[in-house]
>>> print(open('coords-v5.cif').read())   # mmCIF, C-alpha atoms
data_work
loop_
_atom_site.label_atom_id
_atom_site.label_comp_id
_atom_site.auth_asym_id
_atom_site.auth_seq_id
_atom_site.Cartn_x
_atom_site.Cartn_y
_atom_site.Cartn_z
CA MET A 37 -56.95 139.08 -27.72
CA ASN A 38 -59.25 136.36 -28.81
CA PRO A 39 -58.48 132.70 -28.27
CA GLU A 40 -58.23 130.81 -31.51
CA PRO A 41 -59.37 127.23 -31.68
CA GLN A 42 -55.92 125.94 -32.56
CA ASP A 43 -54.26 127.81 -29.71
CA LEU A 44 -57.04 126.73 -27.40
CA SER A 45 -56.53 123.12 -28.36
CA ARG A 46 -52.81 123.45 -27.66
CA LEU A 47 -53.53 125.16 -24.36
CA GLN A 48 -55.79 122.33 -23.31
CA LYS A 49 -53.14 119.80 -24.25
CA LEU A 50 -50.67 121.77 -22.18
CA LEU A 51 -53.07 121.92 -19.26
CA ALA A 52 -53.41 118.17 -19.51
CA LEU A 53 -49.84 118.05 -18.27
CA LYS A 54 -51.13 119.01 -14.85
CA ARG A 55 -53.10 115.79 -14.66
CA HIS A 56 -49.80 113.94 -14.71
CA GLU A 57 -48.55 115.74 -11.60
CA GLN A 58 -48.89 113.15 -8.88
CA PRO A 59 -48.17 113.32 -5.16
CA PRO A 60 -45.50 111.02 -3.70
CA PRO A 61 -46.32 107.32 -3.94
CA ARG A 62 -48.56 105.96 -1.20
CA PHE A 63 -49.52 109.51 -0.21
CA PHE A 64 -53.21 108.62 -0.24
CA ASN A 65 -52.73 105.30 1.54
CA ASP A 66 -52.77 106.90 4.94
CA PHE A 67 -54.41 110.21 4.09
CA SER A 68 -57.78 109.35 5.62
CA ASP A 69 -56.01 107.87 8.67
CA ARG A 70 -54.31 111.22 9.21
CA VAL A 71 -57.64 113.00 8.95
CA ILE A 72 -59.31 110.61 11.38
CA SER A 73 -56.43 110.79 13.85
CA ARG A 74 -56.68 114.58 13.77
CA LEU A 75 -60.40 114.26 14.44
CA HIS A 76 -59.64 112.07 17.46
CA ALA A 77 -57.04 114.51 18.76
CA PRO A 78 -58.18 116.41 21.87
CA GLY A 79 -59.65 119.76 20.96
CA ALA A 80 -60.05 118.90 17.31
CA ILE A 81 -63.81 118.98 17.54
CA GLY A 82 -64.55 121.92 19.75
CA PRO A 83 -68.01 123.02 20.66
CA ALA A 84 -69.60 124.68 17.71
CA HIS A 85 -70.18 128.40 17.85
CA TRP A 86 -73.76 129.58 18.23
CA TRP A 87 -73.85 130.73 14.61
CA GLN A 88 -72.65 127.33 13.46
CA ARG A 89 -75.39 125.68 15.48
CA LEU A 90 -77.84 127.92 13.69
CA GLY A 91 -76.39 126.83 10.38
CA LEU A 92 -74.70 130.17 9.72
CA ASP A 93 -71.06 129.63 8.96
CA LEU A 94 -69.86 133.20 9.22
CA ASP A 95 -66.44 134.37 8.35
CA LEU A 96 -64.66 135.76 11.39
CA LYS A 97 -63.69 138.92 9.54
CA LEU A 98 -67.32 139.60 8.66
CA ALA A 99 -68.33 139.04 12.26
CA VAL A 100 -65.73 141.54 13.48
CA ILE A 101 -66.89 144.14 10.94
CA PHE A 102 -70.50 143.56 11.97
CA ALA A 103 -69.64 143.92 15.67
CA PHE A 104 -67.71 147.12 14.99
CA GLY A 105 -70.65 148.54 13.04
CA LEU A 106 -72.98 147.63 15.89
CA VAL A 107 -70.77 149.42 18.42
CA VAL A 108 -70.57 152.55 16.24
CA CYS A 109 -74.35 152.60 15.79
CA GLY A 110 -74.82 152.11 19.53
CA LEU A 111 -72.52 154.99 20.36
CA PHE A 112 -74.29 157.20 17.84
CA LEU A 113 -77.69 156.41 19.33
CA LEU A 114 -76.35 157.00 22.83
CA GLY A 115 -75.04 160.40 21.82
CA LEU A 116 -78.31 161.24 20.14
CA THR A 117 -80.43 160.33 23.16
CA SER A 118 -78.20 162.23 25.56
CA ALA A 119 -78.42 165.31 23.33
CA MET A 120 -82.20 165.22 23.15
CA PRO A 121 -84.19 167.11 25.84
CA GLY A 122 -85.03 164.66 28.55
CA GLU A 123 -88.17 164.53 30.63
CA GLU A 124 -87.17 166.35 33.77
CA THR A 125 -89.32 165.85 36.76
CA GLY A 126 -89.05 169.14 38.64
CA PRO A 127 -90.42 169.97 42.07
CA VAL A 128 -94.14 169.62 42.32
CA ALA A 129 -96.16 172.72 43.13
CA GLN A 130 -98.13 172.19 46.28
CA GLY A 131 -101.38 173.81 47.28
CA SER A 132 -102.95 174.16 43.89
CA PRO A 133 -106.72 173.65 43.61
CA GLY A 134 -107.67 170.11 43.94
CA ASN A 135 -104.23 169.41 45.27
CA VAL A 136 -103.27 167.88 41.95
CA PRO A 137 -99.55 167.90 41.47
CA ARG A 138 -98.42 169.97 38.56
CA PRO A 139 -94.95 170.48 37.19
CA VAL A 140 -93.50 173.90 37.68
CA ALA A 141 -93.08 175.76 34.42
CA ALA A 142 -89.59 176.24 33.24
CA SER A 143 -89.81 179.96 32.45
CA PRO A 144 -91.84 182.88 33.72
CA ARG A 145 -93.59 183.24 30.38
CA VAL A 146 -94.74 179.70 30.46
CA ALA A 147 -95.79 180.13 34.04
CA LEU A 148 -97.92 183.05 33.01
CA LEU A 149 -99.52 181.10 30.26
CA ALA A 150 -100.17 178.18 32.48
CA GLY A 151 -101.74 180.31 35.17
CA GLY A 152 -103.70 182.49 32.76
CA VAL A 153 -107.36 182.68 32.04
CA GLY A 154 -108.94 179.69 30.43
CA VAL A 155 -106.31 177.28 31.47
CA PRO A 156 -107.37 175.67 34.66
CA HIS A 157 -104.68 174.79 37.09
CA GLY A 158 -103.84 171.18 37.50
CA ILE A 159 -105.37 169.97 34.29
CA PRO A 160 -102.76 169.21 31.79
CA GLY A 161 -103.91 170.08 28.32
CA SER A 162 -102.63 169.49 24.89
CA THR A 163 -102.15 173.22 24.42
CA ASP A 164 -99.79 173.53 27.35
CA PRO A 165 -96.38 174.24 25.96
CA VAL A 166 -93.80 171.94 27.28
CA ILE A 167 -90.57 173.77 27.44
CA SER A 168 -87.61 172.38 29.17
CA THR A 169 -84.14 173.71 29.45
CA PRO A 170 -81.54 171.63 27.67
CA SER A 171 -79.20 169.89 29.95
CA ALA A 172 -76.02 171.77 30.62
CA SER A 173 -73.90 168.82 29.64
CA SER A 174 -75.33 168.56 26.13
CA PRO A 175 -72.67 168.93 23.47
CA PHE A 176 -75.20 170.76 21.31
CA ASN A 177 -75.56 173.70 23.72
CA GLN A 178 -72.80 175.60 22.08
CA PHE A 179 -74.71 175.57 18.82
CA THR A 180 -77.92 177.09 20.24
CA LEU A 181 -79.01 180.15 18.32
CA HIS A 182 -80.06 183.24 20.26
CA ALA A 183 -82.18 186.05 18.74
CA GLN A 184 -81.10 189.47 19.89
CA ARG A 185 -82.76 192.78 19.12
CA VAL A 186 -80.42 195.37 17.66
CA ASN A 187 -80.93 198.95 16.67
CA VAL A 188 -79.77 199.81 13.23
CA SER A 189 -79.57 203.40 12.16
CA PHE A 190 -78.74 204.45 8.71
CA GLY A 191 -76.56 207.50 8.40
CA GLY A 192 -77.83 210.91 7.46
CA ASN A 193 -81.04 211.63 9.33
CA MET B 268 -53.36 130.99 -37.64
CA SER B 269 -55.85 128.77 -39.33
CA GLU B 270 -58.97 130.87 -38.90
CA PRO B 271 -59.54 134.61 -38.79
CA ALA B 272 -60.30 135.90 -35.35
CA PRO B 273 -63.78 137.25 -34.71
CA ARG B 274 -63.95 141.02 -34.45
CA LYS B 275 -65.18 141.22 -30.93
CA ALA B 276 -64.20 138.97 -28.09
CA GLN B 277 -67.17 137.13 -26.75
CA PRO B 278 -67.18 134.92 -23.70
CA VAL B 279 -68.12 131.88 -25.68
CA ASP B 280 -66.92 128.46 -24.81
CA LEU B 281 -64.61 127.32 -27.54
CA ALA B 282 -63.71 124.33 -25.53
CA VAL B 283 -63.48 120.97 -26.89
CA GLU B 284 -65.27 118.58 -24.62
CA PRO B 285 -63.78 118.28 -21.15
CA PRO B 286 -61.01 115.71 -21.11
CA GLU B 287 -62.71 113.33 -18.82
CA LYS B 288 -65.76 113.38 -16.68
CA ALA B 289 -64.60 113.75 -13.14
CA ALA B 290 -67.97 113.73 -11.45
CA PRO B 291 -68.33 110.97 -8.92
CA ALA B 292 -69.84 107.77 -10.13
CA ASN B 293 -70.91 106.82 -6.64
CA ASN B 294 -74.37 105.72 -5.82
CA PRO B 295 -76.12 108.80 -4.37
CA LEU B 296 -78.25 106.74 -2.01
CA GLU B 297 -75.25 104.91 -0.71
CA GLU B 298 -73.47 108.21 -0.21
CA LEU B 299 -76.48 109.68 1.59
CA GLY B 300 -76.49 106.67 3.92
CA LEU B 301 -72.82 107.25 4.71
CA VAL B 302 -73.47 110.93 5.37
CA GLN B 303 -76.36 110.14 7.72
CA ARG B 304 -74.25 107.62 9.61
CA ALA B 305 -71.40 110.13 9.84
CA GLN B 306 -73.83 112.76 11.11
CA ARG B 307 -74.68 110.38 13.94
CA GLY B 308 -70.99 110.21 14.83
CA ASP B 309 -69.95 107.11 12.89
CA ILE B 310 -66.29 107.83 12.16
CA ALA B 311 -65.93 104.75 9.95
CA ALA B 312 -68.62 106.11 7.63
CA TYR B 313 -66.83 109.42 7.44
CA ASP B 314 -63.56 107.63 6.74
CA ASP B 315 -65.29 106.03 3.76
CA LEU B 316 -66.41 109.43 2.50
CA VAL B 317 -62.88 110.81 2.88
CA ARG B 318 -61.46 107.93 0.85
CA ARG B 319 -63.96 108.56 -1.93
CA TYR B 320 -63.03 112.21 -2.43
CA GLN B 321 -59.52 112.63 -1.07
CA GLU B 322 -57.81 112.49 -4.46
CA ARG B 323 -60.10 115.00 -6.14
CA ILE B 324 -60.03 117.42 -3.23
CA TYR B 325 -56.26 117.17 -2.94
CA ALA B 326 -55.82 117.66 -6.70
CA THR B 327 -58.00 120.77 -6.76
CA VAL B 328 -56.14 122.35 -3.87
CA TYR B 329 -52.78 121.33 -5.30
CA HIS B 330 -53.51 122.87 -8.71
CA MET B 331 -54.59 126.06 -6.96
CA THR B 332 -51.56 126.35 -4.69
CA ALA B 333 -48.84 124.62 -6.75
CA ASN B 334 -47.44 123.39 -3.47
CA HIS B 335 -47.70 119.81 -2.22
CA GLU B 336 -47.32 120.61 1.48
CA ASP B 337 -49.95 123.34 1.42
CA ALA B 338 -52.29 121.11 -0.56
CA SER B 339 -51.84 118.26 1.89
CA ASP B 340 -52.60 120.49 4.89
CA LEU B 341 -55.54 122.23 3.25
CA ALA B 342 -57.08 118.95 2.06
CA GLN B 343 -56.88 117.51 5.57
CA GLU B 344 -58.34 120.67 7.07
CA THR B 345 -61.14 120.53 4.51
CA PHE B 346 -62.22 117.09 5.70
CA ILE B 347 -61.84 118.06 9.35
CA LYS B 348 -64.03 121.11 8.85
CA GLY B 349 -66.41 118.96 6.84
CA TYR B 350 -66.84 116.61 9.80
CA GLN B 351 -67.27 119.49 12.24
CA ALA B 352 -69.92 121.10 10.03
CA LEU B 353 -71.59 117.87 8.99
CA LYS B 354 -74.62 118.53 11.18
CA THR B 355 -75.37 121.62 9.08
CA PHE B 356 -75.40 119.56 5.88
CA LYS B 357 -79.05 119.48 4.83
CA GLY B 358 -78.64 117.49 1.65
CA ASP B 359 -79.63 120.37 -0.66
CA SER B 360 -76.62 119.49 -2.78
CA SER B 361 -74.55 116.35 -3.00
CA PHE B 362 -71.93 115.76 -0.34
CA TYR B 363 -69.38 115.94 -3.12
CA THR B 364 -70.38 119.51 -4.07
CA TRP B 365 -70.64 120.51 -0.43
CA VAL B 366 -67.17 119.31 0.54
CA TYR B 367 -65.77 120.84 -2.65
CA ARG B 368 -67.17 124.20 -1.58
CA ILE B 369 -65.39 123.91 1.77
CA ALA B 370 -62.12 123.10 0.00
CA VAL B 371 -62.50 125.96 -2.45
CA ASN B 372 -63.33 128.53 0.26
CA LYS B 373 -60.46 127.35 2.43
CA THR B 374 -58.03 127.50 -0.46
CA ILE B 375 -59.12 130.94 -1.64
CA ASN B 376 -58.84 132.30 1.93
CA PHE B 377 -55.41 130.73 2.21
CA LEU B 378 -54.30 132.29 -1.07
CA LYS B 379 -55.60 135.69 -0.02
CA GLN B 380 -53.57 135.52 3.17
CA ARG B 381 -50.50 134.29 1.33
CA LYS B 382 -51.02 136.88 -1.41
CA ASN B 383 -48.09 136.84 -3.81
CA ARG B 384 -45.72 134.83 -1.66
CA THR B 385 -45.63 131.73 -3.79
CA PHE B 386 -43.43 128.79 -3.09
CA LEU B 387 -43.59 126.20 -5.81
CA ASN B 388 -43.33 122.67 -4.54
CA LEU B 389 -44.47 120.71 -7.55
CA ASN B 390 -45.27 117.07 -7.64
CA ASP B 391 -43.37 114.83 -9.99
CA LEU B 392 -44.86 113.96 -13.34
CA ASP B 393 -45.97 110.40 -13.57
CA PHE B 394 -44.48 107.90 -15.97
CA ASN B 395 -47.32 108.27 -18.47
CA ALA B 396 -46.53 111.93 -19.15
CA GLU B 397 -43.51 111.05 -21.27
CA HIS B 398 -45.66 108.76 -23.37
CA ASP B 399 -48.62 111.08 -23.80
CA PRO B 400 -48.65 111.82 -27.55
CA ASP B 401 -50.13 115.28 -27.07
CA LEU B 402 -47.44 116.26 -24.62
CA VAL B 403 -44.70 114.73 -26.70
CA ALA B 404 -45.96 116.77 -29.66
CA LEU B 405 -45.79 119.93 -27.59
CA ILE B 406 -42.10 119.56 -26.85
CA SER B 407 -40.81 117.79 -29.94
CA ASP B 408 -41.66 120.27 -32.67
CA LYS B 409 -38.67 121.85 -34.29
CA THR B 410 -39.42 125.36 -33.18
CA PRO B 411 -36.90 127.40 -31.21
CA ARG B 412 -38.85 127.54 -27.95
CA ARG B 413 -39.92 123.91 -27.94
CA ASP B 414 -36.57 122.54 -26.86
CA VAL B 415 -37.74 122.35 -23.30
CA SER B 416 -38.15 119.33 -21.15
CA LEU B 417 -41.48 118.31 -19.72
CA SER B 418 -40.44 119.42 -16.25
CA GLU B 419 -39.53 122.88 -17.56
CA LEU B 420 -42.84 123.07 -19.32
CA GLN B 421 -44.54 122.02 -16.10
CA GLU B 422 -42.83 124.85 -14.24
CA LYS B 423 -43.79 127.43 -16.89
CA LEU B 424 -47.37 126.23 -16.84
CA ASN B 425 -47.63 126.43 -13.07
CA ALA B 426 -46.03 129.87 -13.02
CA ALA B 427 -48.59 131.04 -15.59
CA MET B 428 -51.42 129.54 -13.55
CA LEU B 429 -50.24 131.39 -10.47
CA LYS B 430 -50.50 134.67 -12.36
CA LEU B 431 -54.26 134.19 -12.59
CA SER B 432 -56.53 135.40 -9.83
CA PRO B 433 -57.73 132.62 -7.50
CA VAL B 434 -61.23 132.47 -9.02
CA HIS B 435 -59.93 132.31 -12.58
CA ARG B 436 -57.37 129.68 -11.60
CA LEU B 437 -60.14 127.72 -9.94
CA VAL B 438 -62.33 127.71 -13.03
CA VAL B 439 -59.46 126.50 -15.23
CA THR B 440 -58.54 123.86 -12.69
CA LEU B 441 -62.05 122.53 -12.31
CA HIS B 442 -62.92 122.59 -16.01
CA ASP B 443 -59.77 122.07 -18.05
CA VAL B 444 -57.75 120.00 -15.60
CA GLN B 445 -60.36 118.10 -13.64
CA GLY B 446 -63.05 117.96 -16.28
CA LEU B 447 -66.04 119.22 -14.31
CA SER B 448 -69.00 120.60 -16.22
CA HIS B 449 -69.98 124.27 -16.18
CA GLU B 450 -73.04 123.40 -14.14
CA GLU B 451 -71.06 121.57 -11.47
CA ILE B 452 -68.57 124.44 -11.29
CA GLY B 453 -71.44 126.91 -10.94
CA LYS B 454 -72.77 124.93 -7.97
CA ILE B 455 -69.36 124.74 -6.35
CA MET B 456 -68.58 128.42 -6.88
CA ASP B 457 -72.14 129.49 -6.16
CA CYS B 458 -72.55 131.42 -9.41
CA ASN B 459 -74.44 130.93 -12.65
CA ILE B 460 -73.19 129.16 -15.75
CA GLY B 461 -72.73 132.43 -17.64
CA THR B 462 -70.30 133.63 -15.01
CA VAL B 463 -68.41 130.35 -15.19
CA ARG B 464 -68.12 130.63 -18.97
CA SER B 465 -66.96 134.22 -18.91
CA ARG B 466 -64.38 133.50 -16.20
CA LEU B 467 -63.12 130.52 -18.16
CA PHE B 468 -62.88 132.59 -21.31
CA TYR B 469 -60.91 135.32 -19.56
CA ALA B 470 -58.64 132.85 -17.76
CA ARG B 471 -57.77 131.07 -21.03
CA GLN B 472 -56.99 134.40 -22.66
CA GLN B 473 -54.59 135.19 -19.86
CA LEU B 474 -52.95 131.78 -20.01
CA GLN B 475 -52.54 132.02 -23.77
CA ALA B 476 -50.87 135.38 -23.35
CA HIS B 477 -48.49 134.05 -20.68
CA LEU B 478 -47.70 130.86 -22.58
CA SER B 479 -47.73 132.21 -26.13
CA ASP B 480 -44.17 131.01 -26.81
CA TYR B 481 -45.18 127.43 -26.10
CA LEU B 482 -48.47 127.43 -27.98
CA LYS B 483 -47.41 128.56 -31.45
#
>>> encode(input="coords-v5.cif", output="structure tokens")
Amino acid sequence: MNPEPQDLSRLQKLLALKRHEQPPPRFFNDFSDRVISRLHAPGAIGPAHWWQRLGLDLDLKLAVIFAFGLVVCGLFLLGLTSAMPGEETGPVAQGSPGNVPRPVAASPRVALLAGGVGVPHGIPGSTDPVISTPSASSPFNQFTLHAQRVNVSFGGN
Amino acid sequence: MSEPAPRKAQPVDLAVEPPEKAAPANNPLEELGLVQRAQRGDIAAYDDLVRRYQERIYATVYHMTANHEDASDLAQETFIKGYQALKTFKGDSSFYTWVYRIAVNKTINFLKQRKNRTFLNLNDLDFNAEHDPDLVALISDKTPRRDVSLSELQEKLNAAMLKLSPVHRLVVTLHDVQGLSHEEIGKIMDCNIGTVRSRLFYARQQLQAHLSDYLK
């Protein structure tokens, strides 16, 4: 539908009727007095919120949504950090050369590597593998993949 | 139909000039002085500002809500919030535009909460309405649907207005009823002039569809 000039002119004349709608007589005589008396009423002018002091007049609904999003993100990050392998400080091996404390390796294989030729004891190197066992409480433990050797024989011979 | 309709609807402004210029004729410097005094806590200065704009703010809210009581409450709350937030007024726009924005946001939020629960509480038409030649012409033609009184027409018009979405109703109110320019409306609604024009075009289409019996 496309407005035609004649209809539009009639519509505007009709809308002009709204300009004749007037509030009760003397309504505006004491309007500002009512506003001012409400301003003087105790509690009418409360302390401004911190965002209002900063000039940010936020809608309450937006603020609630923002806070909810913040909480969800926080919980997600918390879950992520608890699932990640933490730096466990195990018992320190005593009596090593130079009496330098050194973390005990987590598995025998790593212990072998660490004590092997060419890797001096007590000197942490960038080639030392750092292997730590995941914490037992991690929710991701159940998803750990294990490689298992199997023997497969094809029938016949 | 006097002219053939264009093939494709375009959001062009077919409007005749706004009925009357409703922009404030106040001295901006004087107004700025009042605002600065009010910002320092001078209630009398704020009272002066309220008196300057109370009728326009009330009228805008009233035409949006079609309810005198709601309009009265919302207009008062607008000025109260205006005073509370006055310290944040930096003078980037006129006080008039700034307080209008508060009124518009308050009213739109109110309408969203109220949704479709509309209670008409219309103001009476003033004495001049019966003597307005345009209005008399609208109800005196010898067509079947024109045998309505002005008050019936008023009710139909308000019912049609309430069928518009709040933003479309606002554009019609500010432009066709209150006579603000597209630019002023854009500042108040925080949108560009093109958006104002297209909203006005769509709102008029809707109104013409709702009021077709009274426009032929």
>>> residues_around(input="coords-v5.cif", residues="segment 73-76 of chain A", least_positions_apart="6", cutoff="12 Å", atoms="all atoms listed in the file", output="JSON, numbers by chain")
{"A": [66, 67, 82], "B": [308, 310, 311, 313, 314, 340, 343, 344, 345, 346, 347, 348, 349, 350, 351]}
>>> resolve_selection(input="coords-v5.cif", expression="the PyMOL selection byres ((chain B) within 6 of (chain A))", output="list in words")
Ala276, Val317, Gln343, Thr355, Asn390, Asp391, Leu392, Asp393, Ala396 and Leu482 of chain B
>>> resolve_selection(input="coords-v5.cif", expression="the PyMOL selection byres ((chain B and resi 432-449) around 8)", output="PDB file with C-alpha atoms, keeping the file's coordinate frame")
ATOM      1  CA  GLN A  48     -55.790 122.330 -23.310  1.00  0.00           C
ATOM      2  CA  LEU A  51     -53.070 121.920 -19.260  1.00  0.00           C
ATOM      3  CA  ALA A  52     -53.410 118.170 -19.510  1.00  0.00           C
ATOM      4  CA  LYS A  54     -51.130 119.010 -14.850  1.00  0.00           C
ATOM      5  CA  ARG A  55     -53.100 115.790 -14.660  1.00  0.00           C
TER       6      ARG A  55
ATOM      7  CA  PRO B 285     -63.780 118.280 -21.150  1.00  0.00           C
ATOM      8  CA  PRO B 286     -61.010 115.710 -21.110  1.00  0.00           C
ATOM      9  CA  GLU B 287     -62.710 113.330 -18.820  1.00  0.00           C
ATOM     10  CA  LYS B 288     -65.760 113.380 -16.680  1.00  0.00           C
ATOM     11  CA  ALA B 289     -64.600 113.750 -13.140  1.00  0.00           C
ATOM     12  CA  ALA B 290     -67.970 113.730 -11.450  1.00  0.00           C
ATOM     13  CA  THR B 327     -58.000 120.770  -6.760  1.00  0.00           C
ATOM     14  CA  HIS B 330     -53.510 122.870  -8.710  1.00  0.00           C
ATOM     15  CA  MET B 331     -54.590 126.060  -6.960  1.00  0.00           C
ATOM     16  CA  ILE B 375     -59.120 130.940  -1.640  1.00  0.00           C
ATOM     17  CA  LEU B 378     -54.300 132.290  -1.070  1.00  0.00           C
ATOM     18  CA  MET B 428     -51.420 129.540 -13.550  1.00  0.00           C
ATOM     19  CA  LEU B 429     -50.240 131.390 -10.470  1.00  0.00           C
ATOM     20  CA  LYS B 430     -50.500 134.670 -12.360  1.00  0.00           C
ATOM     21  CA  LEU B 431     -54.260 134.190 -12.590  1.00  0.00           C
ATOM     22  CA  GLU B 450     -73.040 123.400 -14.140  1.00  0.00           C
ATOM     23  CA  GLU B 451     -71.060 121.570 -11.470  1.00  0.00           C
ATOM     24  CA  ILE B 452     -68.570 124.440 -11.290  1.00  0.00           C
ATOM     25  CA  GLY B 453     -71.440 126.910 -10.940  1.00  0.00           C
ATOM     26  CA  ILE B 460     -73.190 129.160 -15.750  1.00  0.00           C
ATOM     27  CA  VAL B 463     -68.410 130.350 -15.190  1.00  0.00           C
ATOM     28  CA  ARG B 464     -68.120 130.630 -18.970  1.00  0.00           C
ATOM     29  CA  ARG B 466     -64.380 133.500 -16.200  1.00  0.00           C
ATOM     30  CA  LEU B 467     -63.120 130.520 -18.160  1.00  0.00           C
ATOM     31  CA  TYR B 469     -60.910 135.320 -19.560  1.00  0.00           C
ATOM     32  CA  ALA B 470     -58.640 132.850 -17.760  1.00  0.00           C
ATOM     33  CA  ARG B 471     -57.770 131.070 -21.030  1.00  0.00           C
TER      34      ARG B 471
END
>>> atom_distance(input="coords-v5.cif", atom1="atom CA of Asp457 of chain B", atom2="atom CA of Arg304 of chain B")
27.0 Å
>>> closest_residue(input="coords-v5.cif", among="B:Asn425, B:Asn376, B:Gln321, B:Ser479", to="Leu389 of chain B", atoms="only C-alpha atoms")
B:Asn425
>>> atom_distance(input="coords-v5.cif", atom1="atom CA of Leu353 of chain B", atom2="atom CA of Ala305 of chain B")
7.8 Å
